[in-house]
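Novice: Before I ask anything, let me first share the structure, which is written out below as structure tokens.
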Amino acid sequence: MIKYNIQDHVIVVTGAAGQLGQAIVSRAIGLGAKVACLDTSLENLEKISISNGWGDSVLLFQSDITNKESIELTFNQIVNKYNKIDALINNAGVSVFDPWFDRNEEDFDWVMNVNLKGTFNCMKEFFKLLIDSNYPGAVVNVASHYGIISPDPKIYTDCDRRNSEIYGATKAGVIQMTKYFAVNAIADGAKVRVNAIAPGGIKNSASPQGDDFQRLYSERCPMKRMAEVDEIVGPILFLVSSDASYINGQTIVIDGGMTAW
Ligand SMILES: NC(=O)c1ccc[n+]([C@@H]2O[C@H](COP(=O)([O-])OP(=O)(O)OC[C@H]3O[C@@H](n4cnc5c(N)ncnc54)[C@H](O)[C@@H]3O)[C@@H](O)[C@H]2O)c1
């Protein structure tokens, strides 16, 4: 595995208790970074931190990204502890899986709030800090290939996680917001690069997708398989690192070629 130069970086990871979040945190601290882990349940974060052996390389925060006061407070606490934040990885994301004709307003608002408003809240706090400190930073927003293409209903036979219209719309919004801030945060005085990744389906060994779904998904994908979680983490840390120092406003699609046809 490539050793990206993020030694002593302070990195904020939202949704740190999730499948991808945990993998990001583990690899980042393995490369010498300090990580502020944000998620909705502190108890859950504490359990996960112990089972992963994260030790004092992490700070854990019960912090709801949809709540701007909670985010403001959390960012202040991180800066009080480390004096800086080098990178923000906006990884927290949610979806609903009911068919669109059963969609209710509450579900719609929840997905909008977490995926778009939450991503915005964290970027706003980070940019304010970068403008005040004149310190350089990097943002990686986690979008999805379903922000680019639609789920193919034919492959969701034994998988009840067929992503929704609102999920895809918010992930398309994350890709667009990435471009907006890649241009405008710099114009407004933040020394920052803002990029996104758009993963395809990630294999989940803790809660496996249906066998039929995995087979049909793999048949549809040019590389004939789903992604391993580490294959998503590498490009995220690359974008955070100085190896990506002239990459700004881009979305790296990590989907085995699924969106290439
Ligand atoms: N798993 C995939 O196949 C896949 C594919 C493409 C994109 N993605 C994206 O990758 C990201 C991570 O996905 P995952 O599979 O690890 O999901 P996950 O459900 O395992 O983790 C998401 C985490 O976000 C946290 N979260 C939810 N709402 C929050 C809030 N308001 N404030 C703070 N934290 C909150 C959850 O508690 C959870 O720990 C998401 O943005 C998702 O849309 C995932």
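Following the order of the structure tokens, chains are lettered A, B, ..., residues in each are numbered from 1, and ligands are numbered from 1.
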What are the closest atom pairs, with distances in Å to one decimal, for each residue of chain A lying within 6 Å of ligand 1, using only C-alpha atoms and all ligand atoms, rows by chain and rising residue number, as CSV?

Specialist:
residue,atom,partner,partner_atom_place_in_ligand_line,distance
A:Thr14,CA,ligand 1,34 (N),5.7
A:Gly15,CA,ligand 1,24 (O),3.4
A:Ala16,CA,ligand 1,39 (O),5.8
A:Ala17,CA,ligand 1,39 (O),4.0
A:Gly18,CA,ligand 1,21 (O),3.3
A:Gln19,CA,ligand 1,16 (O),3.7
A:Leu20,CA,ligand 1,16 (O),3.7
A:Gly21,CA,ligand 1,16 (O),5.5
A:Leu38,CA,ligand 1,33 (C),5.9
A:Asp39,CA,ligand 1,34 (N),3.8
A:Thr40,CA,ligand 1,33 (C),4.8
A:Ser63,CA,ligand 1,33 (C),5.8
A:Asp64,CA,ligand 1,32 (N),3.6
A:Ile65,CA,ligand 1,32 (N),4.1
A:Thr66,CA,ligand 1,31 (N),5.2
A:Asn91,CA,ligand 1,41 (O),4.8
A:Ala92,CA,ligand 1,24 (O),3.8
A:Gly93,CA,ligand 1,41 (O),3.4
A:Val94,CA,ligand 1,27 (C),5.7
A:Val114,CA,ligand 1,31 (N),5.1
A:Val142,CA,ligand 1,41 (O),5.2
A:Ala143,CA,ligand 1,7 (C),5.7
A:Ser144,CA,ligand 1,7 (C),4.1
A:Pro199,CA,ligand 1,6 (C),4.4
A:Gly200,CA,ligand 1,5 (C),4.9
A:Gly201,CA,ligand 1,3 (O),3.7
A:Ile202,CA,ligand 1,3 (O),3.8

Novice: Would you put the residues from that selection into a file with N, CA, C and O atoms, as a CSV table (one decimal), in the first residue's frame?

Specialist:
chain,number,residue,atom,x,y,z
A,14,THR,N,-16.2,12.5,9.2
A,14,THR,CA,-17.6,12.4,9.6
A,14,THR,C,-18.1,10.9,9.3
A,14,THR,O,-17.5,10.3,8.4
A,15,GLY,N,-19.0,10.5,10.0
A,15,GLY,CA,-19.5,9.1,9.8
A,15,GLY,C,-18.4,8.1,10.1
A,15,GLY,O,-18.4,7.0,9.5
A,16,ALA,N,-17.6,8.4,11.1
A,16,ALA,CA,-16.4,7.6,11.4
A,16,ALA,C,-16.7,6.2,11.9
A,16,ALA,O,-15.9,5.3,11.9
A,17,ALA,N,-18.0,6.0,12.4
A,17,ALA,CA,-18.3,4.7,12.9
A,17,ALA,C,-18.8,3.7,11.8
A,17,ALA,O,-19.0,2.6,12.1
A,18,GLY,N,-19.0,4.2,10.6
A,18,GLY,CA,-19.5,3.4,9.5
A,18,GLY,C,-18.5,2.5,8.9
A,18,GLY,O,-17.3,2.6,9.3
A,19,GLN,N,-18.9,1.8,7.9
A,19,GLN,CA,-18.0,0.8,7.2
A,19,GLN,C,-16.8,1.6,6.6
A,19,GLN,O,-15.6,1.3,6.9
A,20,LEU,N,-17.0,2.5,5.8
A,20,LEU,CA,-15.9,3.3,5.1
A,20,LEU,C,-15.2,4.2,6.1
A,20,LEU,O,-14.0,4.3,6.1
A,21,GLY,N,-16.0,4.8,7.0
A,21,GLY,CA,-15.4,5.7,8.0
A,21,GLY,C,-14.3,5.0,8.8
A,21,GLY,O,-13.2,5.5,9.0
A,38,LEU,N,-16.2,11.9,14.0
A,38,LEU,CA,-17.6,12.4,14.3
A,38,LEU,C,-18.6,11.4,13.9
A,38,LEU,O,-18.5,10.8,12.8
A,39,ASP,N,-19.5,11.1,14.8
A,39,ASP,CA,-20.7,10.3,14.5
A,39,ASP,C,-21.8,10.6,15.4
A,39,ASP,O,-21.6,11.4,16.4
A,40,THR,N,-23.0,9.9,15.2
A,40,THR,CA,-24.1,10.3,16.0
A,40,THR,C,-24.2,9.7,17.4
A,40,THR,O,-24.9,10.2,18.3
A,63,SER,N,-21.5,14.0,17.3
A,63,SER,CA,-21.7,15.3,16.6
A,63,SER,C,-22.6,15.1,15.4
A,63,SER,O,-22.2,14.3,14.5
A,64,ASP,N,-23.7,15.7,15.4
A,64,ASP,CA,-24.7,15.5,14.3
A,64,ASP,C,-24.4,16.6,13.3
A,64,ASP,O,-24.6,17.8,13.5
A,65,ILE,N,-24.0,16.1,12.1
A,65,ILE,CA,-23.6,17.1,11.1
A,65,ILE,C,-24.7,18.0,10.6
A,65,ILE,O,-24.5,19.0,9.9
A,66,THR,N,-25.9,17.6,10.8
A,66,THR,CA,-27.1,18.4,10.4
A,66,THR,C,-27.3,19.6,11.3
A,66,THR,O,-28.1,20.5,11.0
A,91,ASN,N,-17.6,12.1,5.0
A,91,ASN,CA,-18.0,10.7,4.7
A,91,ASN,C,-19.4,10.3,5.1
A,91,ASN,O,-20.0,9.4,4.5
A,92,ALA,N,-19.9,11.0,6.1
A,92,ALA,CA,-21.2,10.6,6.6
A,92,ALA,C,-22.3,10.7,5.5
A,92,ALA,O,-22.3,11.7,4.8
A,93,GLY,N,-23.1,9.7,5.4
A,93,GLY,CA,-24.1,9.7,4.4
A,93,GLY,C,-25.2,8.7,4.7
A,93,GLY,O,-24.9,7.7,5.3
A,94,VAL,N,-26.4,9.0,4.3
A,94,VAL,CA,-27.6,8.1,4.6
A,94,VAL,C,-28.4,8.0,3.3
A,94,VAL,O,-28.3,8.8,2.4
A,114,VAL,N,-28.7,15.3,5.9
A,114,VAL,CA,-27.4,14.7,6.2
A,114,VAL,C,-26.5,14.9,5.0
A,114,VAL,O,-25.4,15.4,5.2
A,142,VAL,N,-17.5,12.6,0.1
A,142,VAL,CA,-17.8,11.3,-0.4
A,142,VAL,C,-19.2,11.3,-1.1
A,142,VAL,O,-20.2,11.5,-0.5
A,143,ALA,N,-19.1,11.2,-2.5
A,143,ALA,CA,-20.4,11.2,-3.2
A,143,ALA,C,-20.7,9.7,-3.5
A,143,ALA,O,-20.6,8.9,-2.6
A,144,SER,N,-21.1,9.4,-4.7
A,144,SER,CA,-21.5,8.0,-5.1
A,144,SER,C,-21.6,8.0,-6.6
A,144,SER,O,-21.9,9.0,-7.2
A,199,PRO,N,-17.7,6.5,-5.1
A,199,PRO,CA,-17.5,5.0,-5.1
A,199,PRO,C,-18.7,4.3,-5.8
A,199,PRO,O,-19.9,4.8,-5.7
A,200,GLY,N,-18.4,3.1,-6.3
A,200,GLY,CA,-19.4,2.2,-6.7
A,200,GLY,C,-19.8,1.3,-5.5
A,200,GLY,O,-19.3,1.7,-4.3
A,201,GLY,N,-20.5,0.2,-5.7
A,201,GLY,CA,-20.9,-0.6,-4.5
A,201,GLY,C,-19.7,-1.3,-3.8
A,201,GLY,O,-18.8,-1.8,-4.5
A,202,ILE,N,-19.7,-1.1,-2.5
A,202,ILE,CA,-18.6,-1.6,-1.7
A,202,ILE,C,-19.0,-2.9,-1.0
A,202,ILE,O,-20.1,-3.0,-0.4

Novice: Please identify all polymer residues within 12 Å of Lys154 in chain A, counting only C-alpha atoms, omitting same-chain residues fewer than 5 positions from it, and present them as a PDB file with N, CA, C and O atoms, in the first residue's frame.

Specialist:
ATOM      1  N   CYS A 159     -31.610  -7.917  -2.774  1.00  0.00           N
ATOM      2  CA  CYS A 159     -30.989  -6.848  -1.980  1.00  0.00           C
ATOM      3  C   CYS A 159     -32.030  -5.751  -1.802  1.00  0.00           C
ATOM      4  O   CYS A 159     -32.550  -5.215  -2.783  1.00  0.00           O
ATOM      5  N   ARG A 162     -31.935  -0.863  -2.619  1.00  0.00           N
ATOM      6  CA  ARG A 162     -31.910  -0.196  -3.936  1.00  0.00           C
ATOM      7  C   ARG A 162     -32.004   1.299  -3.688  1.00  0.00           C
ATOM      8  O   ARG A 162     -33.034   1.803  -3.232  1.00  0.00           O
ATOM      9  N   ASP A 212     -27.333 -13.087  -4.922  1.00  0.00           N
ATOM     10  CA  ASP A 212     -27.819 -12.818  -6.275  1.00  0.00           C
ATOM     11  C   ASP A 212     -27.433 -11.394  -6.694  1.00  0.00           C
ATOM     12  O   ASP A 212     -26.946 -11.171  -7.805  1.00  0.00           O
ATOM     13  N   PHE A 213     -27.632 -10.451  -5.773  1.00  0.00           N
ATOM     14  CA  PHE A 213     -27.267  -9.059  -6.047  1.00  0.00           C
ATOM     15  C   PHE A 213     -25.774  -8.964  -6.370  1.00  0.00           C
ATOM     16  O   PHE A 213     -25.391  -8.333  -7.355  1.00  0.00           O
ATOM     17  N   ARG A 215     -23.781 -11.171  -7.514  1.00  0.00           N
ATOM     18  CA  ARG A 215     -23.482 -11.783  -8.821  1.00  0.00           C
ATOM     19  C   ARG A 215     -23.919 -10.845  -9.956  1.00  0.00           C
ATOM     20  O   ARG A 215     -23.158 -10.562 -10.873  1.00  0.00           O
ATOM     21  N   LEU A 216     -25.151 -10.327  -9.850  1.00  0.00           N
ATOM     22  CA  LEU A 216     -25.673  -9.473 -10.925  1.00  0.00           C
ATOM     23  C   LEU A 216     -24.917  -8.145 -11.011  1.00  0.00           C
ATOM     24  O   LEU A 216     -24.632  -7.638 -12.096  1.00  0.00           O
ATOM     25  N   TYR A 217     -24.574  -7.603  -9.851  1.00  0.00           N
ATOM     26  CA  TYR A 217     -23.787  -6.355  -9.827  1.00  0.00           C
ATOM     27  C   TYR A 217     -22.444  -6.608 -10.528  1.00  0.00           C
ATOM     28  O   TYR A 217     -21.997  -5.822 -11.367  1.00  0.00           O
ATOM     29  N   GLU A 219     -21.613  -8.902 -12.682  1.00  0.00           N
ATOM     30  CA  GLU A 219     -21.762  -9.119 -14.129  1.00  0.00           C
ATOM     31  C   GLU A 219     -21.862  -7.794 -14.873  1.00  0.00           C
ATOM     32  O   GLU A 219     -21.370  -7.636 -15.976  1.00  0.00           O
ATOM     33  N   ARG A 220     -22.494  -6.813 -14.241  1.00  0.00           N
ATOM     34  CA  ARG A 220     -22.713  -5.509 -14.883  1.00  0.00           C
ATOM     35  C   ARG A 220     -21.449  -4.644 -14.868  1.00  0.00           C
ATOM     36  O   ARG A 220     -21.297  -3.737 -15.669  1.00  0.00           O
TER      37      ARG A 220
END

Novice: Leaving out Asn121 in chain A and any residue of its chain fewer than 5 positions from it, which residues lie within 10 Å of it when counting only C-alpha atoms, given as a CSV table (one decimal) with N, CA, C and O atoms, in the first residue's frame?

Specialist:
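Written file, result_2.csv:
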chain,number,residue,atom,x,y,z
A,65,ILE,N,-24.0,16.1,12.1
A,65,ILE,CA,-23.6,17.1,11.1
A,65,ILE,C,-24.7,18.0,10.6
A,65,ILE,O,-24.5,19.0,9.9
A,66,THR,N,-25.9,17.6,10.8
A,66,THR,CA,-27.1,18.4,10.4
A,66,THR,C,-27.3,19.6,11.3
A,66,THR,O,-28.1,20.5,11.0
A,67,ASN,N,-26.6,19.6,12.5
A,67,ASN,CA,-26.8,20.6,13.5
A,67,ASN,C,-25.6,21.5,13.5
A,67,ASN,O,-24.5,21.1,13.9
A,68,LYS,N,-25.8,22.7,13.0
A,68,LYS,CA,-24.6,23.6,12.8
A,68,LYS,C,-24.0,24.0,14.2
A,68,LYS,O,-22.8,24.2,14.2
A,69,GLU,N,-24.8,24.1,15.2
A,69,GLU,CA,-24.2,24.4,16.6
A,69,GLU,C,-23.3,23.3,17.0
A,69,GLU,O,-22.2,23.5,17.5
A,70,SER,N,-23.7,22.1,16.8
A,70,SER,CA,-23.0,20.9,17.2
A,70,SER,C,-21.6,20.9,16.4
A,70,SER,O,-20.6,20.6,16.9
A,71,ILE,N,-21.7,21.2,15.1
A,71,ILE,CA,-20.5,21.2,14.3
A,71,ILE,C,-19.5,22.3,14.7
A,71,ILE,O,-18.3,22.1,14.8
A,72,GLU,N,-20.1,23.5,15.0
A,72,GLU,CA,-19.2,24.6,15.4
A,72,GLU,C,-18.5,24.3,16.7
A,72,GLU,O,-17.3,24.4,16.8
A,113,ASN,N,-30.9,16.5,4.5
A,113,ASN,CA,-30.2,17.2,5.6
A,113,ASN,C,-28.8,16.6,5.8
A,113,ASN,O,-27.8,17.3,6.0
A,114,VAL,N,-28.7,15.3,5.9
A,114,VAL,CA,-27.4,14.7,6.2
A,114,VAL,C,-26.5,14.9,5.0
A,114,VAL,O,-25.4,15.4,5.2
A,116,LEU,N,-26.5,16.7,2.2
A,116,LEU,CA,-26.2,18.0,1.6
A,116,LEU,C,-25.9,19.0,2.7
A,116,LEU,O,-24.8,19.6,2.7
A,126,PHE,N,-15.0,24.5,8.4
A,126,PHE,CA,-13.6,24.3,8.0
A,126,PHE,C,-13.0,25.6,7.2
A,126,PHE,O,-11.9,26.1,7.5

Novice: Quick one, how far is CA of Ala260 in chain A from CA of Arg161 in chain A?

Specialist: 22.8 Å

Novice: May I have all residues of range 22-254 of chain A that DSSP, computed from the backbone, assigns to helix (DSSP H, G or I), given as a ChimeraX atom specification?

Specialist: /A:22-30,42-52,55-57,68-82,100-102,105-133,145-147,153-155,165-187,211-220,230-240,242-244

Novice: Would you please work out which residue, of A:Glu231, A:Asp107, A:Asp211, A:Asp102, is nearest to Tyr156 in chain A when using only C-alpha atoms?

Specialist: A:Asp211

Novice: Taking the backbone alone, and naming residues the way the document does, which bits of range 31-259 of chain A are strand (DSSP E or B) by DSSP, as an MDAnalysis selection string?

Specialist: chainID A and resid 34:39 58:62 87:90 137:142 192:199 202 227 251:254

Novice: Have a look at CA of Tyr146 in chain A and CA of Val183 in chain A and let me know their distance in Å, one decimal.

Specialist: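 Separation of CA of Tyr146 in chain A and CA of Val183 in chain A: 23.9 Å.
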
Novice: Pick out the closest residue to Val139 in chain A from this set: A:Tyr167, A:Phe127, A:Trp54, A:Phe75. Count only C-alpha atoms.

Specialist: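 For Val139 in chain A, the nearest of the candidates is A:Phe127.
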
Novice: Closest to Val174 in chain A among A:Arg27, A:His9, A:Lys117, A:Lys84, using only C-alpha atoms?

Specialist: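 Distance minimum relative to Val174 in chain A lands on A:Lys117.
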
Novice: Near Leu42 in chain A, within 8 Å and counting only C-alpha atoms, which residues show up once chain neighbours fewer than 2 positions away are dropped, as a ChimeraX atom specification?

Specialist: /A:39-40,44-46,60-62

Novice: So that I can see what lies close to Val25 in chain A, please list as JSON, numbers by chain the residues with an atom at most 10 Å from it, counting only C-alpha atoms and leaving out residues fewer than 2 positions away in the same chain.

Specialist: {"A": [11, 12, 13, 16, 17, 20, 21, 22, 23, 27, 28, 29, 30, 31, 33, 34, 35, 36, 37, 49, 52, 54, 57, 58, 233]}

Novice: Which is closer to Phe181 in chain A than all the others in A:Met123, A:Ile232, A:Ala206, A:Leu237, using only C-alpha atoms?

Specialist: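 Of A:Met123, A:Ile232, A:Ala206, A:Leu237, the one nearest Phe181 in chain A, counting only C-alpha atoms, is A:Met123.
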
Novice: From the options A:Ser41, A:Ser205, A:Ser242, A:Ser95, which residue's atoms come nearest to Ala169 in chain A, counting only C-alpha atoms?

Specialist: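 Smallest distance to Ala169 in chain A is found for A:Ser95.
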
Novice: For a test of reading the model, state the distance in Å between CA of Glu228 in chain A and CA of Thr178 in chain A, rounded to one decimal.

Specialist: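 CA of Thr178 in chain A lies at a distance of 24.5 Å from CA of Glu228 in chain A.
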
Novice: Taking into account only C-alpha atoms, which residue in the set A:Gln7, A:Lys203, A:Pro151, A:Ile24 is nearest to Pro235 in chain A?

Specialist: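 Among the listed residues, A:Ile24 lies closest to Pro235 in chain A.
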